[in-house]
Amino acid sequence: MHVQTIIPRGVDAPLAVAWLDLPGNAMDRPARVFLHGLGSSSIATVPRHARERAQDAPRSLLVDAPGFGHSRDALPSWGFTIEEQAGVIAAVLRELEIGPATIIGHSMGGSIAIALASRHPEVVSSLIVAEPNLDPGTGTLSAHIASQTEHDFLARGYDRLVHVTARQAQRAEGNAASFLPTLRQALPAAMYRASVSLLANRAPTFRDQLLAIGSRIPTTFLYGSHTPGLTGLDALASAGVTVVEIPDAGHVMMDDNPAAFFTQIRAAEDRAAMQ
């Protein structure tokens, strides 16, 4: 797998991408584009599960958003808002002549995917989002980060977050062991500004954008059976969004139950092909 960094014309942020080309890939289906969550990396996390489920799957483009993973070299002065992230990804997909593609986003990546489909619909054939931030002020990790000032987070908060995650990984708590390496890669300024952007008031909200997208293109919302407090799922379904529960999984469902996660991605692609 070869990682390449692209700075598209008219954009001031680098984007690292990698094609996951495996034997048995179906070249006649829209490519998959994976977008990761806050502090994560598609290039680091997707291959360990996708390799086992490659037969007849489309090609996958793994994207690390500016400031994260292999795209860590973004300028600290950049904004790192969700909309800016979506704009860079759209520019790269156009430059690589990819699309319309199946956009798959988890958590922050799901919010980026919603912004991408709303603002740059020409690069999206179908949308699969896994527990994205939908409403202003909601989000566990992002709320913890954004509760600090940027100065405090950059001076102390980021190092403290890494330390706490390392302790959790030592105790085998949750998904800390898999999250820690990519958290250490992330640019602290990107972590902070992306968190603030995820929580911000915007009109329309990500939820309202998703409701509108569901009436235009095939859209699937995935959630873990162990995730508490999810609301508004019936309204999503009424708007044309296919809502699917991933059993025996929490927020990081691709780690908790990768077989079910990738099975539902394929099911969503099959539904999209029939529309």
# chains A, B, ... in the order shown; residues from 1 in each chain; ligands from 1
>>> select_by_dssp(residues="segment 14-97 of chain A", states="strand (DSSP E)", output="list in words")
Leu15, Ala16, Val17, Ala18, Trp19, Leu20, Arg32, Val33, Phe34, Leu35, Ser60, Leu61, Leu62, Val63 and Asp64 of chain A
>>> write_last_selection(atoms="N, CA and C atoms", output="PDB file, in the first residue's frame")
ATOM      1  N   LEU A  15      -3.142  16.469   1.855  1.00  0.00           N
ATOM      2  CA  LEU A  15      -4.019  15.333   2.151  1.00  0.00           C
ATOM      3  C   LEU A  15      -3.288  14.059   1.764  1.00  0.00           C
ATOM      4  N   ALA A  16      -3.113  13.153   2.737  1.00  0.00           N
ATOM      5  CA  ALA A  16      -2.484  11.866   2.481  1.00  0.00           C
ATOM      6  C   ALA A  16      -3.553  10.838   2.161  1.00  0.00           C
ATOM      7  N   VAL A  17      -3.345  10.098   1.076  1.00  0.00           N
ATOM      8  CA  VAL A  17      -4.299   9.070   0.657  1.00  0.00           C
ATOM      9  C   VAL A  17      -3.521   7.801   0.308  1.00  0.00           C
ATOM     10  N   ALA A  18      -4.219   6.679   0.344  1.00  0.00           N
ATOM     11  CA  ALA A  18      -3.614   5.413  -0.060  1.00  0.00           C
ATOM     12  C   ALA A  18      -4.704   4.526  -0.644  1.00  0.00           C
ATOM     13  N   TRP A  19      -4.411   3.923  -1.789  1.00  0.00           N
ATOM     14  CA  TRP A  19      -5.320   2.941  -2.367  1.00  0.00           C
ATOM     15  C   TRP A  19      -5.097   1.596  -1.682  1.00  0.00           C
ATOM     16  N   LEU A  20      -6.175   0.965  -1.268  1.00  0.00           N
ATOM     17  CA  LEU A  20      -6.112  -0.392  -0.744  1.00  0.00           C
ATOM     18  C   LEU A  20      -6.570  -1.324  -1.863  1.00  0.00           C
ATOM     19  N   ARG A  32     -14.785   2.996  -2.871  1.00  0.00           N
ATOM     20  CA  ARG A  32     -15.078   3.388  -1.507  1.00  0.00           C
ATOM     21  C   ARG A  32     -14.056   4.440  -1.068  1.00  0.00           C
ATOM     22  N   VAL A  33     -14.530   5.464  -0.362  1.00  0.00           N
ATOM     23  CA  VAL A  33     -13.647   6.471   0.218  1.00  0.00           C
ATOM     24  C   VAL A  33     -13.910   6.483   1.722  1.00  0.00           C
ATOM     25  N   PHE A  34     -12.898   6.115   2.515  1.00  0.00           N
ATOM     26  CA  PHE A  34     -13.042   6.016   3.961  1.00  0.00           C
ATOM     27  C   PHE A  34     -12.540   7.289   4.635  1.00  0.00           C
ATOM     28  N   LEU A  35     -13.375   7.846   5.529  1.00  0.00           N
ATOM     29  CA  LEU A  35     -13.044   9.038   6.300  1.00  0.00           C
ATOM     30  C   LEU A  35     -13.106   8.687   7.785  1.00  0.00           C
ATOM     31  N   SER A  60     -10.689   0.675  -2.465  1.00  0.00           N
ATOM     32  CA  SER A  60     -10.887   1.582  -1.337  1.00  0.00           C
ATOM     33  C   SER A  60      -9.797   2.641  -1.318  1.00  0.00           C
ATOM     34  N   LEU A  61     -10.210   3.904  -1.247  1.00  0.00           N
ATOM     35  CA  LEU A  61      -9.284   5.014  -1.058  1.00  0.00           C
ATOM     36  C   LEU A  61      -9.343   5.410   0.407  1.00  0.00           C
ATOM     37  N   LEU A  62      -8.209   5.290   1.083  1.00  0.00           N
ATOM     38  CA  LEU A  62      -8.121   5.621   2.499  1.00  0.00           C
ATOM     39  C   LEU A  62      -7.612   7.048   2.623  1.00  0.00           C
ATOM     40  N   VAL A  63      -8.357   7.885   3.313  1.00  0.00           N
ATOM     41  CA  VAL A  63      -8.055   9.315   3.391  1.00  0.00           C
ATOM     42  C   VAL A  63      -7.760   9.692   4.836  1.00  0.00           C
ATOM     43  N   ASP A  64      -6.633  10.351   5.054  1.00  0.00           N
ATOM     44  CA  ASP A  64      -6.319  10.965   6.346  1.00  0.00           C
ATOM     45  C   ASP A  64      -6.543  12.460   6.215  1.00  0.00           C
TER      46      ASP A  64
END
>>> residues_around(residues="Ala194 of chain A", least_positions_apart="6", cutoff="7 Å", atoms="only C-alpha atoms", output="VMD selection string")
chain A and resid 80 to 82
>>> atom_distance(atom1="atom CA of Met108 of chain A", atom2="atom CA of Asn133 of chain A")
6.4 Å
>>> residues_around(residues="segment 216-228 of chain A", least_positions_apart="2", cutoff="10 Å", atoms="only C-alpha atoms", output="JSON, numbers by chain")
{"A": [102, 103, 104, 105, 106, 110, 117, 121, 124, 125, 126, 127, 128, 129, 130, 131, 132, 210, 211, 212, 213, 214, 230, 231, 233, 236, 237, 239, 240, 241, 242, 243, 244, 245, 246, 247, 248, 249, 250, 251, 252, 253, 254, 256, 257, 261, 264, 265, 267, 268, 269, 271, 272, 273, 274, 275]}
>>> select_by_dssp(residues="segment 39-118 of chain A", states="helix (DSSP H, G or I)", output="VMD selection string")
chain A and resid 42 to 45 47 to 53 69 to 71 82 to 95 108 to 118
